[in-house]
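A.B. asks: Contents of data15.txt (compact mmCIF, C-alpha atoms) are given next:
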```txt
# COMPACT_ATOMS: atom_id res chain seq x y z
CA MET A 119 84.10 78.52 -48.77
CA SER A 120 85.06 77.09 -52.10
CA SER A 121 87.69 74.83 -50.52
CA TYR A 122 85.09 73.64 -48.02
CA VAL A 123 82.67 72.84 -50.83
CA ALA A 124 85.42 71.17 -52.80
CA SER A 125 86.55 69.02 -49.90
CA GLY A 126 82.96 68.17 -49.04
CA PHE A 127 82.35 67.15 -52.64
CA SER A 128 85.44 65.03 -52.77
CA ARG A 129 84.56 63.34 -49.49
CA THR A 130 81.06 62.53 -50.70
CA LYS A 131 82.41 61.28 -53.98
CA GLY A 132 85.02 59.17 -52.20
CA ASN A 133 82.37 57.59 -49.98
CA GLU A 134 80.18 56.81 -52.96
CA GLU A 135 83.05 55.22 -54.80
CA GLN A 136 83.93 53.18 -51.76
CA THR A 137 80.35 51.99 -51.39
CA ASN A 138 80.13 51.10 -55.05
CA HIS A 139 83.44 49.35 -54.91
CA GLN A 140 82.44 47.31 -51.87
CA GLY A 141 79.07 46.54 -53.39
CA GLU A 142 80.67 45.31 -56.59
CA ARG A 143 83.27 43.32 -54.73
CA ALA A 144 80.54 41.72 -52.64
CA ARG A 145 78.87 40.52 -55.82
CA GLY A 146 82.18 39.26 -57.16
CA VAL A 147 82.31 41.78 -60.01
CA VAL A 148 85.73 42.95 -61.16
CA ARG A 149 85.86 46.54 -62.37
CA VAL A 150 87.28 46.69 -65.88
CA THR A 151 89.01 49.95 -66.74
CA ALA A 152 90.06 51.21 -70.16
CA VAL A 153 93.69 50.44 -69.24
CA HIS A 154 92.86 46.77 -68.58
CA MET A 155 91.01 46.62 -71.87
CA GLY A 156 93.87 48.36 -73.71
CA VAL A 157 96.57 46.01 -72.38
CA ILE A 158 94.55 42.85 -73.09
CA ALA A 159 93.51 44.10 -76.55
CA GLY A 160 97.14 44.89 -77.44
CA ILE A 161 98.37 41.45 -76.40
CA LEU A 162 95.46 39.63 -78.09
CA ALA A 163 95.88 41.58 -81.33
CA VAL A 164 99.57 40.68 -81.56
CA ALA A 165 98.96 37.05 -80.48
CA ALA A 166 96.18 36.55 -83.05
CA GLU A 167 98.53 37.65 -85.79
CA ALA A 168 101.68 35.85 -84.61
CA PHE A 169 100.20 32.52 -83.45
CA PHE A 170 96.74 32.14 -85.03
CA GLU A 171 97.30 32.99 -88.68
CA VAL A 172 95.40 36.30 -88.72
CA ARG A 173 97.73 37.53 -91.46
CA PRO A 174 98.76 38.71 -94.06
CA PRO A 175 98.77 41.74 -94.23
CA GLU A 176 101.01 42.77 -91.32
CA ALA A 177 99.47 44.09 -88.08
CA TYR A 178 96.06 42.66 -88.98
CA GLY A 179 95.22 41.13 -85.58
CA VAL A 180 92.24 43.36 -84.80
CA CYS A 181 90.47 45.75 -87.17
CA MET A 182 86.76 46.44 -87.06
CA ALA A 183 86.61 47.92 -90.57
CA CYS A 184 88.87 45.50 -92.49
CA HIS A 185 87.55 42.38 -90.75
CA GLY A 186 83.97 43.63 -91.25
CA ARG A 187 84.71 44.22 -94.94
CA ASP A 188 86.21 40.71 -95.21
CA LEU A 189 83.12 39.14 -93.63
CA VAL A 190 80.63 41.05 -95.80
CA ASN A 191 82.57 40.55 -99.05
CA TRP A 192 83.29 36.88 -98.31
CA THR A 193 79.60 36.22 -97.62
CA ILE A 194 78.48 38.00 -100.80
CA ASN A 195 81.18 36.21 -102.81
CA THR A 196 80.03 32.83 -101.46
CA LEU A 197 76.31 33.49 -101.97
CA ALA A 198 76.39 35.33 -105.29
CA ALA A 199 79.64 34.05 -106.83
CA THR A 200 81.04 37.58 -107.07
CA ALA A 201 84.71 38.51 -106.77
CA LEU A 202 84.73 41.33 -104.20
CA PRO A 203 88.22 41.72 -102.69
CA VAL A 204 89.05 40.24 -99.26
CA ALA A 205 92.35 40.19 -97.37
CA PRO A 206 94.51 37.04 -97.81
CA ALA A 207 93.78 36.11 -94.17
CA SER A 208 90.06 35.80 -95.03
CA LEU A 209 90.32 33.87 -98.30
CA VAL A 210 89.13 30.46 -97.07
CA TYR A 211 87.09 31.43 -93.99
CA PRO A 212 86.28 35.04 -93.06
CA LEU A 213 87.57 36.71 -89.90
CA LEU A 214 84.73 36.94 -87.37
CA THR A 215 86.01 39.72 -85.11
CA THR A 216 82.97 41.95 -85.69
CA ILE A 217 80.53 39.15 -84.79
CA GLY A 218 82.66 38.32 -81.74
CA VAL A 219 82.67 41.92 -80.50
CA PHE A 220 78.91 42.20 -80.98
CA ALA A 221 78.28 38.90 -79.17
CA GLY A 222 80.73 39.77 -76.38
CA GLY A 223 79.10 43.16 -75.87
CA LEU A 224 75.65 41.54 -75.84
CA ILE A 225 76.71 38.95 -73.24
CA ALA A 226 78.27 41.63 -71.02
CA ALA A 227 75.25 43.95 -71.33
CA ARG A 228 72.78 41.14 -70.59
CA ARG A 229 74.82 39.81 -67.67
CA HIS A 230 75.05 43.19 -66.01
CA GLY A 231 71.52 44.34 -66.78
CA GLU A 232 72.69 47.15 -69.08
CA PHE A 233 70.79 46.09 -72.18
CA ARG A 234 68.01 48.51 -73.06
CA TRP A 235 66.53 49.63 -76.34
CA VAL A 236 67.29 53.26 -77.22
CA LEU A 237 65.42 54.70 -80.19
CA PRO A 238 67.52 56.34 -82.92
CA ASP A 239 67.88 60.13 -83.14
CA HIS A 240 68.79 60.59 -86.80
CA PRO A 241 68.88 57.20 -88.56
CA ALA A 242 69.84 58.61 -91.97
CA LYS A 243 72.70 60.62 -90.48
CA THR A 244 74.14 57.73 -88.47
CA PHE A 245 73.80 55.43 -91.50
CA LEU A 246 75.82 57.96 -93.51
CA TYR A 247 78.42 58.27 -90.73
CA GLY A 248 78.84 54.49 -90.74
CA ALA A 249 79.30 54.34 -94.50
CA LEU A 250 81.76 57.27 -94.42
CA VAL A 251 83.87 55.79 -91.60
CA MET A 252 84.07 52.45 -93.42
CA ASN A 253 85.13 54.13 -96.67
CA PHE A 254 87.75 56.33 -95.00
CA ALA A 255 89.04 53.34 -93.02
CA LEU A 256 89.41 51.23 -96.17
CA VAL A 257 91.21 54.12 -97.91
CA ALA A 258 93.56 54.50 -94.92
CA GLY A 259 94.04 50.74 -94.52
CA GLY A 260 92.59 50.43 -91.03
CA CYS A 261 90.07 51.66 -88.49
CA ALA A 262 91.13 53.51 -85.33
CA ILE A 263 92.35 50.25 -83.77
CA ARG A 264 94.43 49.03 -86.70
CA LEU A 265 96.00 52.44 -87.32
CA THR A 266 97.19 52.34 -83.69
CA LEU A 267 98.33 48.73 -84.15
CA ARG A 268 100.28 49.59 -87.30
CA THR A 269 101.93 52.46 -85.47
CA ALA A 270 102.90 50.12 -82.63
CA ALA A 271 104.32 47.67 -85.20
CA GLY A 272 106.69 50.40 -86.35
CA GLU A 273 105.12 51.06 -89.72
CA PRO A 274 105.78 54.68 -90.80
CA LEU A 275 102.65 54.79 -92.96
CA GLY A 276 100.55 53.57 -90.03
CA ALA A 277 102.01 56.32 -87.86
CA ALA A 278 101.12 58.90 -90.53
CA GLY A 279 97.56 57.56 -90.61
CA PHE A 280 97.37 57.62 -86.81
CA GLY A 281 98.61 61.22 -86.72
CA ALA A 282 96.05 62.21 -89.31
CA MET A 283 93.35 60.44 -87.32
CA ALA A 284 94.35 62.33 -84.17
CA ALA A 285 94.16 65.58 -86.15
CA GLY A 286 90.72 64.57 -87.40
CA ILE A 287 89.54 63.90 -83.84
CA VAL A 288 90.87 67.28 -82.67
CA LEU A 289 89.07 69.07 -85.50
CA GLY A 290 85.89 67.04 -84.98
CA THR A 291 85.90 67.83 -81.26
CA ARG A 292 86.43 71.54 -81.95
CA TRP A 293 83.51 71.43 -84.38
CA LEU A 294 81.29 69.71 -81.77
CA ARG A 295 82.24 72.30 -79.15
CA TRP A 296 81.68 75.18 -81.56
CA ARG A 297 78.24 73.84 -82.48
CA ALA A 298 77.32 73.33 -78.82
CA THR A 299 78.31 76.86 -77.77
CA ARG A 300 76.97 78.69 -80.81
CA MET B 226 89.76 27.99 -89.96
CA THR B 227 92.22 28.76 -87.15
CA ALA B 228 92.13 32.44 -88.00
CA ALA B 229 88.32 32.53 -88.11
CA VAL B 230 87.92 30.83 -84.71
CA ALA B 231 90.74 32.89 -83.16
CA SER B 232 89.27 36.15 -84.42
CA LEU B 233 85.82 35.15 -83.08
CA LEU B 234 87.29 34.43 -79.62
CA VAL B 235 89.40 37.60 -79.62
CA GLY B 236 86.27 39.52 -80.64
CA LEU B 237 84.25 37.97 -77.81
CA VAL B 238 86.84 39.01 -75.23
CA LEU B 239 87.19 42.52 -76.67
CA GLY B 240 83.41 42.96 -76.90
CA TYR B 241 82.93 41.86 -73.29
CA LEU B 242 85.75 44.05 -71.95
CA GLY B 243 84.71 46.91 -74.24
CA GLN B 244 81.20 46.86 -72.80
CA ARG B 245 82.47 46.79 -69.21
CA SER B 246 85.13 49.48 -69.67
CA ARG B 247 83.26 51.71 -72.21
CA MET B 248 86.49 51.71 -74.19
CA CYS B 249 86.65 53.84 -77.32
CA PHE B 250 89.74 54.38 -79.41
CA VAL B 251 88.52 57.77 -80.61
CA GLY B 252 86.87 58.93 -77.38
CA GLY B 253 90.17 59.17 -75.49
CA ILE B 254 91.44 62.21 -77.36
CA ARG B 255 87.91 63.71 -77.54
CA ASP B 256 87.28 63.38 -73.79
CA PHE B 257 90.70 64.83 -72.98
CA LEU B 258 90.05 67.87 -75.18
CA LEU B 259 86.50 68.42 -73.94
CA VAL B 260 86.66 67.71 -70.21
CA ARG B 261 90.32 66.79 -69.51
CA ASP B 262 89.23 63.23 -68.71
CA THR B 263 92.15 60.85 -69.28
CA ALA B 264 90.46 57.49 -68.57
CA LEU B 265 89.97 56.46 -72.21
CA LEU B 266 93.19 58.14 -73.34
CA LYS B 267 95.09 55.92 -70.88
CA GLY B 268 93.36 52.93 -72.47
CA LEU B 269 94.52 54.00 -75.93
CA ALA B 270 98.08 54.50 -74.65
CA ALA B 271 97.98 51.13 -72.88
CA PHE B 272 96.87 49.45 -76.11
CA ALA B 273 99.64 51.03 -78.16
CA LEU B 274 102.28 50.36 -75.51
CA SER B 275 101.35 46.71 -74.91
CA ALA B 276 101.22 46.03 -78.67
CA TRP B 277 104.57 47.80 -79.11
CA ILE B 278 106.13 45.53 -76.47
CA ALA B 279 104.30 42.40 -77.64
CA PHE B 280 105.27 42.65 -81.33
CA PRO B 281 109.02 41.95 -80.90
CA LEU B 282 108.33 39.35 -78.19
CA ALA B 283 105.89 37.48 -80.44
CA ARG B 284 108.39 37.64 -83.29
CA LEU B 285 111.00 36.20 -80.98
CA VAL B 286 108.75 33.32 -79.85
CA ALA B 287 107.10 32.61 -83.19
CA GLY B 288 110.40 32.99 -84.99
CA ALA B 289 108.78 34.60 -88.00
CA ALA B 290 110.85 37.25 -89.69
CA ARG B 291 108.92 40.44 -90.30
CA ASP B 292 108.46 41.40 -93.93
CA ALA B 293 110.69 44.32 -94.70
CA ALA B 294 108.60 47.44 -95.22
CA GLY B 295 108.52 48.17 -98.93
CA SER B 296 109.05 51.58 -100.40
CA VAL B 297 106.21 53.95 -99.61
CA ASP B 298 104.83 55.74 -102.65
CA ALA B 299 103.36 59.21 -102.38
CA VAL B 300 99.85 58.20 -103.48
CA THR B 301 99.52 55.53 -100.78
CA ALA B 302 100.85 57.96 -98.17
CA LEU B 303 98.37 60.60 -99.30
CA LEU B 304 95.47 58.13 -99.20
CA THR B 305 96.47 56.89 -95.73
CA VAL B 306 96.66 60.42 -94.34
CA ALA B 307 93.37 61.48 -95.97
CA GLY B 308 91.63 58.29 -94.86
CA GLY B 309 93.01 58.53 -91.34
CA PHE B 310 91.80 62.12 -91.04
CA GLY B 311 88.34 61.08 -92.25
CA VAL B 312 88.19 58.18 -89.78
CA GLY B 313 89.03 60.51 -86.88
CA TYR B 314 86.72 63.34 -87.91
CA VAL B 315 83.62 61.32 -88.79
CA SER B 316 84.07 58.92 -85.86
CA THR B 317 84.07 61.92 -83.52
CA LEU B 318 80.83 63.19 -85.07
CA ALA B 319 79.37 59.67 -84.92
CA ASN B 320 80.13 59.57 -81.18
CA GLY B 321 82.61 56.68 -81.12
CA CYS B 322 85.02 54.44 -82.95
CA PRO B 323 83.74 51.35 -84.82
CA LEU B 324 84.45 49.08 -81.83
CA ARG B 325 82.39 51.31 -79.54
CA GLN B 326 79.57 51.38 -82.09
CA HIS B 327 79.51 47.56 -82.19
CA VAL B 328 79.31 47.45 -78.39
CA LEU B 329 76.60 50.15 -78.27
CA ALA B 330 74.58 48.26 -80.88
CA ALA B 331 74.90 45.13 -78.71
CA GLN B 332 73.56 47.17 -75.77
CA GLY B 333 70.39 47.98 -77.70
CA VAL B 334 71.25 51.48 -79.00
CA THR B 335 69.43 51.57 -82.32
CA SER B 336 71.36 54.53 -83.74
CA ALA B 337 74.52 52.41 -83.38
CA MET B 338 72.66 49.68 -85.28
CA THR B 339 71.89 52.04 -88.15
CA TYR B 340 75.55 53.10 -88.01
CA LEU B 341 76.54 49.44 -88.42
CA ALA B 342 74.11 49.01 -91.32
CA GLY B 343 75.82 51.95 -93.03
CA PHE B 344 79.22 50.58 -92.01
CA PHE B 345 78.72 47.23 -93.74
CA ALA B 346 76.87 48.70 -96.71
CA GLY B 347 79.79 51.13 -97.02
CA ALA B 348 82.22 48.21 -97.43
CA VAL B 349 80.37 46.97 -100.49
CA ALA B 350 79.87 50.52 -101.82
CA PHE B 351 83.60 51.13 -101.44
CA HIS B 352 84.64 48.18 -103.58
CA VAL B 353 81.87 48.53 -106.16
CA TRP B 354 81.81 52.32 -106.69
CA VAL B 355 84.25 54.34 -104.59
CA ALA B 356 87.52 52.46 -105.18
CA PRO B 357 87.12 52.21 -108.99
CA ALA B 358 86.21 55.91 -109.15
CA VAL B 359 89.16 56.94 -106.93
CA PHE B 360 91.71 54.77 -108.72
CA ARG B 361 90.57 56.03 -112.13
CA TRP B 362 91.66 59.55 -111.16
CA LEU B 363 94.93 58.56 -109.54
CA PRO B 364 98.22 58.25 -111.44
```
Show me, as structure tokens, the structure contained in the file I just sent.
C.D. replies:
Amino acid sequence: MSSYVASGFSRTKGNEEQTNHQGERARGVVRVTAVHMGVIAGILAVAAEAFFEVRPPEAYGVCMACHGRDLVNWTINTLAATALPVAPASLVYPLLTTIGVFAGGLIAARRHGEFRWVLPDHPAKTFLYGALVMNFALVAGGCAIRLTLRTAAGEPLGAAGFGAMAAGIVLGTRWLRWRATR
Amino acid sequence: MTAAVASLLVGLVLGYLGQRSRMCFVGGIRDFLLVRDTALLKGLAAFALSAWIAFPLARLVAGAARDAAGSVDAVTALLTVAGGFGVGYVSTLANGCPLRQHVLAAQGVTSAMTYLAGFFAGAVAFHVWVAPAVFRWLP
């Protein structure tokens, strides 16, 4: 019985996937998987650093936290004549990765009809999470992306940070599961 | 100027692909632990692997010698590990890595927008209050 149900489920699922796939192909839409994104992001991150002066420091091609910090600090420095620190790569003009990602996401969401307003659950809590992630990332010298990039560049310290991040995710996930099943 | 334009274009591509693929650099490990879903984890592995292959190739083409890694002092190592742990833990609670939060905010999710407000305010707070306080207590 269970095998019958399982096979029936898989057949239904397969048909649905096929239909979706054909439907998307008919409209000329290419399905982007996480693997596609990962490969392209890896190549672009290295290329930005090696050929387009997104350095120093090393392995600085893509980082949401550091580039965001550079943009915010550079803007405040320019407007208010302060001396908040920025990375050497952002001394003259700031790195605009964060704006690019936001704009790219907006274009994709608009183009595929996936933009819709969702009201916040706990604004104070998410604000705090954002501030905490930025602070931890600046202490570690990179967000999730740059810690991975530093590891790939063969930097032992980056690998230590990546390992610690993985441990943090494991503990965070356990906490989420524990809270959900309590 | 080159770096600013290049980073904007790289960001555009990553934002577009990130929205289409729902990529998250923290969600891969979380999804694998929770529901044994490897889709995002494969993305993370693909990113690391392609960068690992691309680094020496780019060095070969660009001809730039890599700066030799300096000696690693214990304080920096400790800060990197502590910071890395915090990034992983809080990002999991916040439901996604910073890239995913940018994409979600671009999709109209207002809690991701408040996350970003905290994210950028946190950068200033770090350099004005947190870093001086931390470095005062460190050897």
A.B. asks: From the set B:Ala273, B:Ala358, B:Val260, B:Leu285, which residue has the shortest atom-to-atom contact distance to chain A, counting all atoms listed in the file?
C.D. replies: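 Nearest to chain A: B:Ala273.
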A.B. asks: Can you tell me which residues surround A:Thr216 at a distance of at most 9 Å, considering all atoms listed in the file, apart from same-chain residues fewer than 4 positions away, and format the answer as a ChimeraX atom specification?
C.D. replies: /A:181-183,185-186,189,220-221 /B:232-233,236-237,240,324,327
A.B. asks: Of the residues B:Phe344, B:Phe257, B:Trp354, B:Trp362, which is the one nearest to chain A, using only C-alpha atoms?
C.D. replies: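 Comparing B:Phe344, B:Phe257, B:Trp354, B:Trp362 against chain A, the winner is B:Phe344.
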A.B. asks: Please report the interatomic distance between atom CA of A:Ile217 and atom CA of B:Gly253 in Å with one decimal.
C.D. replies: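 That distance, rounded to one decimal, is 24.1 Å.
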A.B. asks: In Å, rounded to a single decimal, give me how far atom CA of B:Ala356 is from atom CA of A:Thr244.
C.D. replies: 22.0 Å
A.B. asks: Excluding same-chain residues fewer than 4 positions from B:Thr335, what lies within 10 Å of it counting only C-alpha atoms, as a list of chain:residue names?
C.D. replies: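 In the requested form, the answer reads A:Arg234, A:Trp235, A:Val236, A:Leu237, A:Pro238, A:Asp239, A:Pro241, A:Thr244, B:Leu329, B:Ala330, B:Ala331, B:Thr339, B:Tyr340, B:Leu341.
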A.B. asks: Enter the distance from atom CA of B:Gly343 to atom CA of B:Cys322, in Å, rounded to one decimal.
C.D. replies: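 Separation between atom CA of B:Gly343 and atom CA of B:Cys322: 13.9 Å.
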A.B. asks: Excluding A:Ala227 and its own-chain neighbours fewer than 4 positions away, which residues fall within 7 Å of it when counting all atoms listed in the file? Please give them as a PyMOL selection string.
C.D. replies: (chain A and resi 223+231-233) or (chain B and resi 244+332)
A.B. asks: Select, from B:Ala337, B:Ala346, B:Ala271, B:Leu239, the residue with the minimum atom-to-atom distance to A:Val190, counting all atoms listed in the file.
C.D. replies: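 Closest candidate: B:Ala346.
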